[in-house]
Amino acid sequence: MIKVWAPEAQTVEIVVGAPDEAPERAPMVRDDKGWWRWEEGTAYDVVDYAFVLDGEEPALPDPRSAWQPHGVDGPSRTFDVGAYDWADGGWRGPRDGAGTLGGVVYECHIGTFTDEGTFDAAVQRLDHLVELGVDVVEILPVAAIPGRWGWGYDGVDLYAVHDALGGPAAFQRFVDACHARGLGVCLDVVYNHLGPSGNYLGRFGPYFTDSHMTPWGPAVNLDAPGSEEVRAFVVENALRWLRDFHVDALRLDAVHALVDEGERHLLAELSDAVAALSSELGRPLDLIAESDLNDTAMVTPTTEGGFGMTAQWADDVHHGLHVALTGETQGYYEDFGGGTRTMPDGGPLDVLAHVLTRGFLHEGTWSTFREREWGRPVDVDALDGRRLVTYLQTHDQVGNRATGDRISAGMPPGRAAIGAALYLLGPGTPMIFMGEEFAASTPWQFFTDFTDEGMAEAVRAGRRAEFAAHGWSESEVPDPQSHATRDASVLRWEELSSEPHASLLGWYRDLIALRRAVIGTSETRFADVTCAVEDGGDTFVMTHRGIEVRSDLANDTVTVTTAGATGATGADGIPTSLTYP
């Protein structure tokens with residue numbers, strides 16, 4: 001059976017057949033809740049199909065399409081999600097059932113992880129992640145997008161797996177291959193908007209509302225008439241990835257843009273639904289929020305009035321590290337240089353000490369960039385520090401720079417090594433952006449492949465105008481529509497064996513091994529971190545769990561030692577003293 005929710009339509013017809021076939025056409029039957037059904041679909045193993053609403057052509061793809069092999073404007077294709085023969089029957093979840101919290105996460109864009117840009121090709125590089133010490137691979141969004149390439153955040157078929165990545169069957173194989181190597185999988189999902197090209201969702205029902213506006217236009221309808229089915233659309237999508245694709249965690253994009261003034265926020269509803277599925281499956285399932293709110297209500301249990309997320313991204317830690325290492329203070333970095341209303345006394349290292357010991361800089365204090373008070377304090381004694389995901393780089397913080405330059409491109413390797421030690425050995429759940437671990441020479445640039453030329457030109461013009469305001473010339477900003485921009489962003493795996501890449505890779509491996517041995521899988525607290533600025537600002541020292549990170553910022557060197565260490569390695573072979581370079 002094939003069904004679709006279209007409560008305002010008077011008639012819905014299904015068109016069966018690929019674009020190059022003579023299509024069949026049949027009426028669908030409506031129930032009293034606005035769902036239309038076509039029972040004959042059970043007679044087909046695989047079928048291409050689309051819907052015609054009220055006789056209006058062209059036929060539209062299924063809002064819950066699992067597969068769009070003909071592109072986002074073409075017909076959908078059925079996919080038997082239960083046909084795959086999984087080999088992960090003994091899988092208990094990341095870190096043998098401990099879950100994502102405190103594990104090492106690796107943020108990965110499948111389309112630029114390898115030259116081929118597919119799930120099957122990515123499988124060939126998973127052993128590198130195992131050797132690095134990664135626990136969970138976080139995959140950028142896989143929903144169907146226009147064209148061949150893109151970051152994935154302009155998805156328009158949220159139930160589908162982009163065909164250029166290999167489609168849904170390839171994603172299942174990838175997850176199974178990760179589990180076979182002891183790697184969990186976190187999928188980035190976007191519920192706050194759909195992309196501008198190929199977005200037909202609003203044609204089917206009240207999926208969007210003008211009651212609230214977001215940076216992308218009308219908000220997803222979570223609290224206006226018709227929202228019950230829209231909320232179910234989101235919750236069922238999340239459960240599908242966790243149940244049918246064996247995914248271990250979801251990273252929810254920009255949850256502050258999920259505007260919900262109803263009786264119970266969607267995030268709390270989703271959290272409880274995921275918890276119930278976790279109990280049913282007998283393995284941990286985690287939700288990680290990207291939140292701009294600086295409020296740990298995001299990770300407070302729903303039973304205590306919170307949103308129930310497992311963890312949330314901590315941009316303030318990134319900002320503090322970035323400013324201390326690079327000296328950049330433009331835009332939202334301004335307060336992290338110190339000397340502003342937010343922290344009038346002290347400089348970047350004092351701010352860095354603050355975020356490494358408190359999690360947030362803006363904790364009910366003035367945000368110069370936002371021109372308002374922002375955030376709430378972290379209870380550093382009570383909050384499990386692992387509930388804040390910390391990082392030196394992310395896809396956003398690299399890709400949203402004018403040329404997509406990585407932090408390692410503008411500094412000596414030793415300086416990048418300092419940043420790595422400070423967040424990998426801190427109390428947060430650390431996340432590595434792909435290629436960071438070996439100071440990849442490739443940038444990670446903003447790229448798209450819109451087939452609509454008007455949309456393509458609008459993206460080009462918007463990108464140029466954005467950075468022209470910051471002094472960049474048009475010729476310096478890569479054309480997001482050029483395939484050369486995507487190609488320039490593909491990791492060069494041959495760099496692993498050459499310097500300085502090999503040495504930094506060894507540094508990351510040693511830091512992760514030390515984290516696993518000393519910090520382990522237990523709870524952490526920001527209250528257990530101390531920081532000191534010494535030698536007139538040339539030295540920055542962080543201690544946590546008996547680990548001391550001593551950073552010589554004047555000479556770009558860093559030494560890590562563990563309490564009571566008397567030799568280079570402990571009894572278990574784990575390094576007790578590390579120095580870079």
# chains A, B, ... in the order shown; residues from 1 in each chain; ligands from 1
>>> select_by_dssp(residues="stretch 286-508 of chain A", states="helix (DSSP H, G or I)", output="ChimeraX atom specification")
/A:296-299,302-304,315-326,331-337,348-358,385-387,395-399,407-410,413-424,436-438,453-468,474-476,483-488,493-497,501-508
>>> select_by_dssp(residues="stretch 258-477 of chain A", states="strand (DSSP E or B)", output="PyMOL selection string")
chain A and resi 286-289+311-313+365-367+372-374+388-391+429-433
>>> closest_atom_pairs(of="stretch 272-369 of chain A", to="stretch 121-142 of chain A", cutoff="12 Å", atoms="only C-alpha atoms", output="CSV")
residue,atom,partner,partner_atom,distance
A:Asp286,CA,A:Val136,CA,11.3
A:Leu287,CA,A:Glu138,CA,11.9
A:Ile288,CA,A:Glu138,CA,10.6
>>> residues_around(residues="stretch 110-112 of chain A", least_positions_apart="2", cutoff="6 Å", atoms="only C-alpha atoms", output="list in words")
Thr114, Gly117 and Val490 of chain A
>>> atom_distance(atom1="atom CA of A:Thr310", atom2="atom CA of A:Leu388")
9.1 Å
>>> closest_residue(among="A:Gly152, A:Gly327, A:Gly82, A:Pro480", to="A:His109", atoms="only C-alpha atoms")
A:Gly152
>>> residues_around(residues="A:Tyr207", least_positions_apart="2", cutoff="9 Å", atoms="only C-alpha atoms", output="VMD selection string")
chain A and resid 201 to 205 209 219 to 222 226 to 227 229 to 230
>>> decode(residues="stretch 498-529 of chain A", atoms="N, CA, C and O atoms", output="compact mmCIF listing (two decimals), in the first residue's frame")
# COMPACT_ATOMS: atom_id res chain seq x y z
N SER A 498 52.88 11.72 5.16
CA SER A 498 53.87 12.78 4.98
C SER A 498 53.78 13.78 6.13
O SER A 498 52.80 13.82 6.88
N GLU A 499 54.83 14.58 6.29
CA GLU A 499 54.85 15.58 7.36
C GLU A 499 54.35 16.93 6.87
O GLU A 499 54.50 17.25 5.68
N PRO A 500 53.74 17.71 7.74
CA PRO A 500 53.56 17.50 9.19
C PRO A 500 52.34 16.66 9.56
O PRO A 500 52.01 16.51 10.73
N HIS A 501 51.66 16.12 8.54
CA HIS A 501 50.39 15.44 8.76
C HIS A 501 50.54 14.21 9.64
O HIS A 501 49.73 13.99 10.55
N ALA A 502 51.57 13.41 9.39
CA ALA A 502 51.74 12.16 10.13
C ALA A 502 51.98 12.42 11.62
O ALA A 502 51.45 11.71 12.48
N SER A 503 52.77 13.43 11.93
CA SER A 503 53.07 13.73 13.34
C SER A 503 51.83 14.20 14.08
O SER A 503 51.58 13.81 15.23
N LEU A 504 51.03 15.06 13.43
CA LEU A 504 49.82 15.54 14.10
C LEU A 504 48.83 14.39 14.27
O LEU A 504 48.15 14.30 15.31
N LEU A 505 48.75 13.50 13.29
CA LEU A 505 47.88 12.34 13.41
C LEU A 505 48.29 11.49 14.61
O LEU A 505 47.44 11.03 15.39
N GLY A 506 49.58 11.28 14.78
CA GLY A 506 50.07 10.54 15.94
C GLY A 506 49.71 11.23 17.24
O GLY A 506 49.39 10.57 18.24
N TRP A 507 49.75 12.56 17.26
CA TRP A 507 49.39 13.35 18.43
C TRP A 507 47.92 13.12 18.80
O TRP A 507 47.58 12.87 19.97
N TYR A 508 47.04 13.19 17.80
CA TYR A 508 45.62 12.95 18.05
C TYR A 508 45.39 11.54 18.59
O TYR A 508 44.61 11.33 19.53
N ARG A 509 46.06 10.55 18.00
CA ARG A 509 45.90 9.17 18.48
C ARG A 509 46.32 9.04 19.94
O ARG A 509 45.63 8.41 20.75
N ASP A 510 47.43 9.66 20.29
CA ASP A 510 47.92 9.57 21.67
C ASP A 510 46.99 10.28 22.64
O ASP A 510 46.73 9.79 23.75
N LEU A 511 46.49 11.45 22.25
CA LEU A 511 45.57 12.18 23.13
C LEU A 511 44.29 11.38 23.37
O LEU A 511 43.78 11.31 24.50
N ILE A 512 43.77 10.78 22.32
CA ILE A 512 42.53 10.00 22.46
C ILE A 512 42.77 8.76 23.33
O ILE A 512 41.93 8.41 24.17
N ALA A 513 43.92 8.11 23.15
CA ALA A 513 44.25 6.95 23.98
C ALA A 513 44.36 7.36 25.44
O ALA A 513 43.90 6.65 26.35
N LEU A 514 44.96 8.53 25.69
CA LEU A 514 45.09 9.03 27.06
C LEU A 514 43.72 9.37 27.64
O LEU A 514 43.43 9.05 28.81
N ARG A 515 42.88 9.98 26.85
CA ARG A 515 41.52 10.30 27.30
C ARG A 515 40.78 9.03 27.70
O ARG A 515 40.14 8.96 28.76
N ARG A 516 40.86 8.02 26.85
CA ARG A 516 40.16 6.77 27.13
C ARG A 516 40.66 6.13 28.41
O ARG A 516 39.88 5.60 29.20
N ALA A 517 41.98 6.18 28.63
CA ALA A 517 42.57 5.51 29.79
C ALA A 517 42.31 6.26 31.09
O ALA A 517 42.05 5.65 32.13
N VAL A 518 42.35 7.59 31.06
CA VAL A 518 42.27 8.37 32.29
C VAL A 518 40.85 8.87 32.57
O VAL A 518 40.35 8.77 33.70
N ILE A 519 40.19 9.43 31.56
CA ILE A 519 38.86 9.99 31.76
C ILE A 519 37.80 8.89 31.68
O ILE A 519 36.82 8.90 32.43
N GLY A 520 37.98 7.94 30.77
CA GLY A 520 37.09 6.78 30.70
C GLY A 520 35.68 7.13 30.28
O GLY A 520 35.44 8.07 29.53
N THR A 521 34.71 6.37 30.83
CA THR A 521 33.31 6.52 30.42
C THR A 521 32.44 7.10 31.52
O THR A 521 31.22 7.17 31.37
N SER A 522 33.04 7.53 32.63
CA SER A 522 32.25 8.04 33.74
C SER A 522 31.91 9.52 33.53
O SER A 522 32.44 10.18 32.64
N GLU A 523 31.04 10.04 34.39
CA GLU A 523 30.64 11.44 34.31
C GLU A 523 31.83 12.37 34.54
O GLU A 523 32.81 12.01 35.19
N THR A 524 31.74 13.56 33.99
CA THR A 524 32.76 14.59 34.20
C THR A 524 32.07 15.86 34.70
O THR A 524 30.85 15.99 34.62
N ARG A 525 32.87 16.80 35.18
CA ARG A 525 32.33 18.08 35.65
C ARG A 525 33.26 19.20 35.21
O ARG A 525 34.48 19.07 35.28
N PHE A 526 32.68 20.30 34.80
CA PHE A 526 33.50 21.47 34.49
C PHE A 526 34.15 22.03 35.75
O PHE A 526 35.19 22.67 35.70
N ALA A 527 33.55 21.74 36.92
CA ALA A 527 34.12 22.20 38.17
C ALA A 527 35.46 21.55 38.47
O ALA A 527 36.24 22.05 39.30
N ASP A 528 35.75 20.43 37.82
CA ASP A 528 37.02 19.73 38.04
C ASP A 528 38.15 20.26 37.16
O ASP A 528 39.27 19.75 37.21
N VAL A 529 37.86 21.25 36.34
CA VAL A 529 38.87 21.84 35.45
C VAL A 529 39.40 23.12 36.09
O VAL A 529 38.64 23.95 36.59
